[in-house]
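**Q** Let me give you the structure first, and then I'll get to my questions.
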Amino acid sequence: MTRSYQHNPRYPAVDGTVASGWEAAVRTLPTGPAVLALDGPAALDWSAVHRHLDRALAAHGTPARFLDLRGFEADWDTVLERTGDGPDADPYYLPLARSSVAGAYATLPRTDAPDQGLLIVLGPGAALVRHDVLWYADLPKRYAEAAVAAGDPALGVNLGRHGAPGDLRRLFYADWPVLDAHRDAHAAYIDRWLDLQDTGRPASIDGSTLRATLAHLAGGPVRTRPWFNSTLWGGQWASTELGFRPENGNTALGYELIAPEAGVLVGDGPEAEVELPFQLLCVLHPQEFLGAAVHEEFGTSFPIRFDYLDTVGGGNLSVHLHPREEYMRERFGWTYTQHETYYLTATDAADPRVHLGLQQDADIELMRKQVLAAIESGEEMNVERFVQSHPAEEGRLYLIPAGTPHASGAGNLVLEISATPYLYSLRFYDWLRKGATGAPRPLPYEHAFANLDTTRRGEAVCRDLMQRPRVLREGPGWREELLGALPEMFYEVRRVVLEPSGQGAAMDTAGRFHILNVSSGDGIVIEWGDGLSHDLAFAETLTVPAGVGSYRLRPLGVRPVHVVTSQVREHR
C-alpha cells in the first residue's frame, strides 16, 4: 500500500514513555538536598525555563534556589579570543572552534548541595559544575537560525552573548561545534532529556529511555524529521508537491538528512514526542550505525548528507564552489571537505540548465575583473563566458568535486548528495541579488578564487563529471547502477531500478551505512532481520545502519521505482 510524503516520521520510545509538561519532569527529581544541572544550547529562552521550572517546583512543594551560569560569563573580547574570532578574523568564516563551553565563562561557580531542597544550576555548560542530577534541555537548531533572522535580542542565541542579537557566522562556526561536542561528551550521563520547542510544556524522557531508544534506532532503518528553509532563490516544488508551508514563502533548501541539524522524532504523537539529535546515534553507537571502517576514518561525524535544492518557480543558485581539501583542513578545521553531487529529480523549465566546470578558454583574470565589477558597480557578469552551461536532465547525476564552479539553474529540483560539511559556499557571483536588508549578498570571492580548480575545464567536464550510468548488478525485475564516482571523492552514488512486477533487490550494507531516497515512483518497503520492515514514500530519505547487513528493497505501486543510494566507498 502506497502513501504520501510524511512530514513527521515518528518512532516509539523504548523502555519508557514520553512525559509532557514541567510537572511530570519535576516529579522525577529528588526532594533534596541535591544539585540539578540543567544544561542546553544558548538559544534557549533560559529566563522562561527558569520561570516555568520554578513554578512547577513550588507546586510540587520542593524548595529551590537557582543559579544562572550566564551571570559568570567572561567579557565578550575574551570569548571572541578563545573561539578564534579576534580583530583580524575572517569576516565570512571562522575555523571550527575547538574550545570548551567553559571558555565562555570567566569562572565556574562552586556548587555545594544546599541544606534542603534543590540548587538548580542552569545554562549552557551546566554539566561542567558539580551536580547530582543532569538534565539536558534541547532546542532543534532551526530555532536558533530563525531567531537570528528575526533579530530578536531576547533569546541571546550566541554562546557568551545573551541579550544581544544573534550572529549566524558565530552560530555556525563557533557555538555549534563547541555546544555539540559538549552535548556529545555528556550524552551517556544525562538523567533526563527535555525537548523545549514549547517552553511552557516540554516533552521529556528519562536518561535510560533516551539511551535504550537510541540503541534500538541504531539497529534499523531510520528517517529524520525533514524541513525546508527559505532563501532568495527558493522555489515552490516542495510547497505544491509535498505540502510544506514555510513562513517566508518558498521551499529553497530541504533538510532531508543534514546530520548536524537533523533530528529523529520519538513518541506516540505530536502531543507527546521529543526530537532527538540524529548525531547521538553516531556518538553512542558509532560502529553499529556507521560501520567500523567508516568510524575509524570519520570518527563520529556522519559524513554524507542528502538535501533538496528547490528552484522550481525560483531563481538560479549563485555561481560558487567549495573548499579544496587542504584549504578546508587548514583554514576551516574540517578533516574532510565539501565534495558535492546534483541528482536532477525533476524540472519544469523550458530549457533547464546546470552550470558546471570552466570553459576551455576561460580567462581567470578576466573572470576576476567581472566578479569585481559586479560587486563594485553592479555590472552583470557573463557567466557562460567562464562557466559551462549544460542541459539539466531528469535522472542524471552531476559530480561537483571541491574547487569546481557550479550552480543549479532556475526550474530544477535537485537532490544534493554531498559530503556533510554544508556551510562553505564560496560565491563568485549571485546575479546581482540583494539580501533581506537591501544590501548585496556577501560574496567571499577571494576564498573562491583561492580554491578554483582550473583543470576542471572543457571536454573533461562532460567526460568526468557527467558520467553515464553503469550497471553493477541485475536480476529479474531490478538492476543496480553506478551513477558516479571519482577517485578524490570518498563516497559514490548509485541507483536501484525496481520494476513493479518484480520481487525486489537484495542489498547488503557490508559493514557501511547506506542512505536511500525514492527519486521516482510510488515508494518501497525495506525488509530486514526477522520479518522487520520500514516503508519509504516518494521523495523521502532514510539511513540503513551498517549493522543491518542484508536487506531487501521491494517496490510499491504500479510504476517503476528509482531508489538513489549513497555510501562511503570501500576501495579508494
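Every chain in the C-alpha cells takes a letter, A first, then B, and so on in the order presented; its residues are numbered from 1, and the ligands are numbered from 1 following the presented order.
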Taking 3 positions as the minimum chain separation for residues in the same chain, which residues sit within 9 Å of A:Pro12 when counting only C-alpha atoms? Answer as a PyMOL selection string.

**A** chain A and resi 17+213+265-268+273

**Q** Write down as a short mmCIF file (atom, residue, chain, number, x, y, z; two decimals) with N, CA and C atoms, in the first residue's frame the residues of stretch 368-510 of chain A whose backbone DSSP state falls under alpha helix (DSSP H).

**A**
```
data_model
loop_
_atom_site.label_atom_id
_atom_site.label_comp_id
_atom_site.auth_asym_id
_atom_site.auth_seq_id
_atom_site.Cartn_x
_atom_site.Cartn_y
_atom_site.Cartn_z
N ARG A 368 37.95 37.37 -12.80
CA ARG A 368 38.10 38.13 -11.56
C ARG A 368 37.66 39.58 -11.75
N LYS A 369 38.02 40.19 -12.89
CA LYS A 369 37.63 41.57 -13.17
C LYS A 369 36.11 41.70 -13.25
N GLN A 370 35.45 40.71 -13.86
CA GLN A 370 33.99 40.78 -13.96
C GLN A 370 33.33 40.56 -12.61
N VAL A 371 33.89 39.68 -11.78
CA VAL A 371 33.37 39.50 -10.42
C VAL A 371 33.45 40.81 -9.64
N LEU A 372 34.61 41.50 -9.73
CA LEU A 372 34.77 42.76 -9.02
C LEU A 372 33.85 43.84 -9.58
N ALA A 373 33.65 43.86 -10.89
CA ALA A 373 32.75 44.85 -11.49
C ALA A 373 31.32 44.63 -11.03
N ALA A 374 30.92 43.38 -10.86
CA ALA A 374 29.57 43.08 -10.36
C ALA A 374 29.41 43.57 -8.93
N ILE A 375 30.46 43.38 -8.12
CA ILE A 375 30.39 43.78 -6.72
C ILE A 375 30.45 45.30 -6.57
N GLU A 376 31.37 45.93 -7.29
CA GLU A 376 31.64 47.35 -7.06
C GLU A 376 30.70 48.28 -7.81
N SER A 377 30.23 47.87 -8.99
CA SER A 377 29.39 48.79 -9.77
C SER A 377 28.12 48.15 -10.30
N TYR A 445 34.60 36.08 -2.57
CA TYR A 445 35.21 35.69 -3.84
C TYR A 445 36.70 35.38 -3.71
N GLU A 446 37.39 36.01 -2.74
CA GLU A 446 38.82 35.70 -2.59
C GLU A 446 39.00 34.24 -2.18
N HIS A 447 38.16 33.76 -1.27
CA HIS A 447 38.18 32.34 -0.93
C HIS A 447 37.89 31.50 -2.17
N ALA A 448 36.92 31.95 -2.98
CA ALA A 448 36.53 31.18 -4.16
C ALA A 448 37.68 31.06 -5.15
N PHE A 449 38.34 32.19 -5.45
CA PHE A 449 39.45 32.12 -6.39
C PHE A 449 40.62 31.32 -5.82
N ALA A 450 40.83 31.38 -4.52
CA ALA A 450 41.92 30.61 -3.91
C ALA A 450 41.71 29.11 -4.04
N ASN A 451 40.46 28.68 -4.24
CA ASN A 451 40.14 27.26 -4.31
C ASN A 451 39.75 26.79 -5.71
N GLU A 459 36.16 19.71 -22.41
CA GLU A 459 35.51 18.41 -22.61
C GLU A 459 35.65 17.49 -21.41
N ALA A 460 36.70 17.69 -20.60
CA ALA A 460 36.89 16.83 -19.44
C ALA A 460 35.74 16.96 -18.45
N VAL A 461 35.05 18.09 -18.44
CA VAL A 461 33.92 18.27 -17.53
C VAL A 461 32.81 17.29 -17.87
N CYS A 462 32.44 17.21 -19.15
CA CYS A 462 31.39 16.26 -19.56
C CYS A 462 31.85 14.82 -19.35
N ARG A 463 33.08 14.53 -19.64
CA ARG A 463 33.58 13.16 -19.52
C ARG A 463 33.64 12.69 -18.07
N ASP A 464 34.15 13.53 -17.20
CA ASP A 464 34.42 13.10 -15.82
C ASP A 464 33.28 13.39 -14.86
N LEU A 465 32.57 14.49 -15.08
CA LEU A 465 31.59 14.96 -14.10
C LEU A 465 30.15 14.68 -14.49
#
```

**Q** Just the residues within 6 Å of stretch 505-521 of chain A, please, counting only C-alpha atoms, with nothing from its chain fewer than 2 positions along; format it as a ChimeraX atom specification.

**A** /A:290-291,523,538-546,549-553,559-567

**Q** With C-alpha atoms retained, write the just-selected residues as a short mmCIF file (atom, residue, chain, number, x, y, z; two decimals), in the first residue's frame.

**A**
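Okay, again-v1.cif is ready:
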```cif
data_model
loop_
_atom_site.label_atom_id
_atom_site.label_comp_id
_atom_site.auth_asym_id
_atom_site.auth_seq_id
_atom_site.Cartn_x
_atom_site.Cartn_y
_atom_site.Cartn_z
CA LEU A 290 28.34 4.00 10.78
CA GLY A 291 30.35 0.81 10.46
CA GLY A 523 7.73 4.04 -2.87
CA PHE A 538 8.43 9.19 -2.99
CA ALA A 539 10.93 11.98 -2.14
CA GLU A 540 11.70 10.55 1.32
CA THR A 541 15.18 9.68 2.62
CA LEU A 542 16.38 7.25 5.27
CA THR A 543 19.55 5.72 6.64
CA VAL A 544 20.19 1.98 6.77
CA PRO A 545 22.73 1.45 9.58
CA ALA A 546 25.83 -0.61 8.89
CA GLY A 549 23.65 -6.21 6.99
CA SER A 550 21.48 -7.86 4.33
CA TYR A 551 18.13 -6.32 3.45
CA ARG A 552 15.69 -6.24 0.54
CA LEU A 553 14.03 -3.41 -1.38
CA ARG A 559 5.11 2.14 -11.73
CA PRO A 560 8.86 1.52 -11.84
CA VAL A 561 10.62 2.84 -8.75
CA HIS A 562 14.02 4.52 -8.72
CA VAL A 563 15.95 4.50 -5.44
CA VAL A 564 19.03 6.71 -5.31
CA THR A 565 21.59 5.41 -2.81
CA SER A 566 24.94 6.53 -1.45
CA GLN A 567 27.66 5.00 0.70
#
```

**Q** Between A:Phe428, A:Phe386, A:Phe306, A:Tyr327, which has the minimum distance to A:Ala402 (counting only C-alpha atoms)?

**A** A:Tyr327

**Q** Contacts of A:Thr2 at 7 Å or less, counting only C-alpha atoms, minus same-chain residues fewer than 2 places along, as a ChimeraX atom specification?

**A** /A:522-523,556-557

**Q** I'd like to know which residues of stretch 154-403 of chain A are strand (DSSP E or B) (by DSSP, run on the backbone); could you write them as a PyMOL selection string?

**A** chain A and resi 192-195+203-206+222+227-229+253-257+263-269+272-277+304-310+319-321+340-347+353-358+387-391+397-400

**Q** Limited to C-alpha atoms, could you put the picked residues into a file as a compact mmCIF listing (two decimals), in the first residue's frame?

**A**
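What landed in selection.txt:
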```txt
# COMPACT_ATOMS: atom_id res chain seq x y z
CA ARG A 192 16.54 13.45 31.67
CA TRP A 193 16.23 14.83 28.13
CA LEU A 194 13.79 17.71 27.64
CA ASP A 195 12.53 18.99 24.28
CA ALA A 203 8.22 16.86 26.36
CA SER A 204 10.81 14.70 28.10
CA ILE A 205 12.18 11.20 28.58
CA ASP A 206 14.46 9.85 31.26
CA VAL A 222 15.65 5.41 10.44
CA TRP A 227 12.02 20.65 6.94
CA PHE A 228 12.54 23.35 4.32
CA ASN A 229 14.33 26.65 4.69
CA LEU A 253 16.66 24.16 0.89
CA GLY A 254 15.18 20.86 2.02
CA TYR A 255 16.83 19.32 5.07
CA GLU A 256 16.22 15.65 4.37
CA LEU A 257 19.36 14.45 6.14
CA GLY A 263 16.50 15.19 14.45
CA VAL A 264 14.57 11.95 14.98
CA LEU A 265 11.05 12.20 16.42
CA VAL A 266 10.30 9.79 19.27
CA GLY A 267 6.93 9.33 20.95
CA ASP A 268 3.31 8.41 20.41
CA GLY A 269 2.10 11.59 18.73
CA ALA A 272 3.97 13.70 23.46
CA GLU A 273 7.12 13.49 21.36
CA VAL A 274 10.74 14.51 21.68
CA GLU A 275 13.10 15.35 18.85
CA LEU A 276 16.47 13.71 19.45
CA PRO A 277 19.61 14.81 17.58
CA ILE A 304 27.18 12.14 3.82
CA ARG A 305 24.16 14.41 3.52
CA PHE A 306 21.00 14.37 1.39
CA ASP A 307 19.14 17.64 0.84
CA TYR A 308 16.94 19.31 -1.77
CA LEU A 309 17.66 22.47 -3.75
CA ASP A 310 14.30 23.71 -5.00
CA VAL A 319 27.86 30.65 -9.01
CA HIS A 320 30.09 29.17 -6.34
CA LEU A 321 32.44 26.38 -5.36
CA GLU A 340 29.05 17.51 -3.85
CA THR A 341 26.79 15.96 -6.47
CA TYR A 342 23.49 17.06 -8.03
CA TYR A 343 20.87 14.46 -8.90
CA LEU A 344 18.12 16.01 -11.06
CA THR A 345 14.86 14.70 -9.59
CA ALA A 346 12.52 17.00 -11.55
CA THR A 347 12.41 20.17 -13.62
CA ARG A 353 20.33 24.20 -17.05
CA VAL A 354 23.11 23.21 -14.70
CA HIS A 355 26.24 25.38 -14.65
CA LEU A 356 29.30 23.20 -14.06
CA GLY A 357 33.03 23.45 -14.75
CA LEU A 358 35.14 26.01 -16.57
CA VAL A 387 31.43 28.53 -16.63
CA GLN A 388 29.86 25.86 -18.80
CA SER A 389 26.07 25.50 -19.05
CA HIS A 390 24.63 22.00 -19.54
CA PRO A 391 21.10 20.70 -20.11
CA LEU A 397 23.92 12.89 -11.74
CA TYR A 398 26.35 15.81 -11.94
CA LEU A 399 29.57 15.37 -9.94
CA ILE A 400 30.96 18.50 -8.25
```
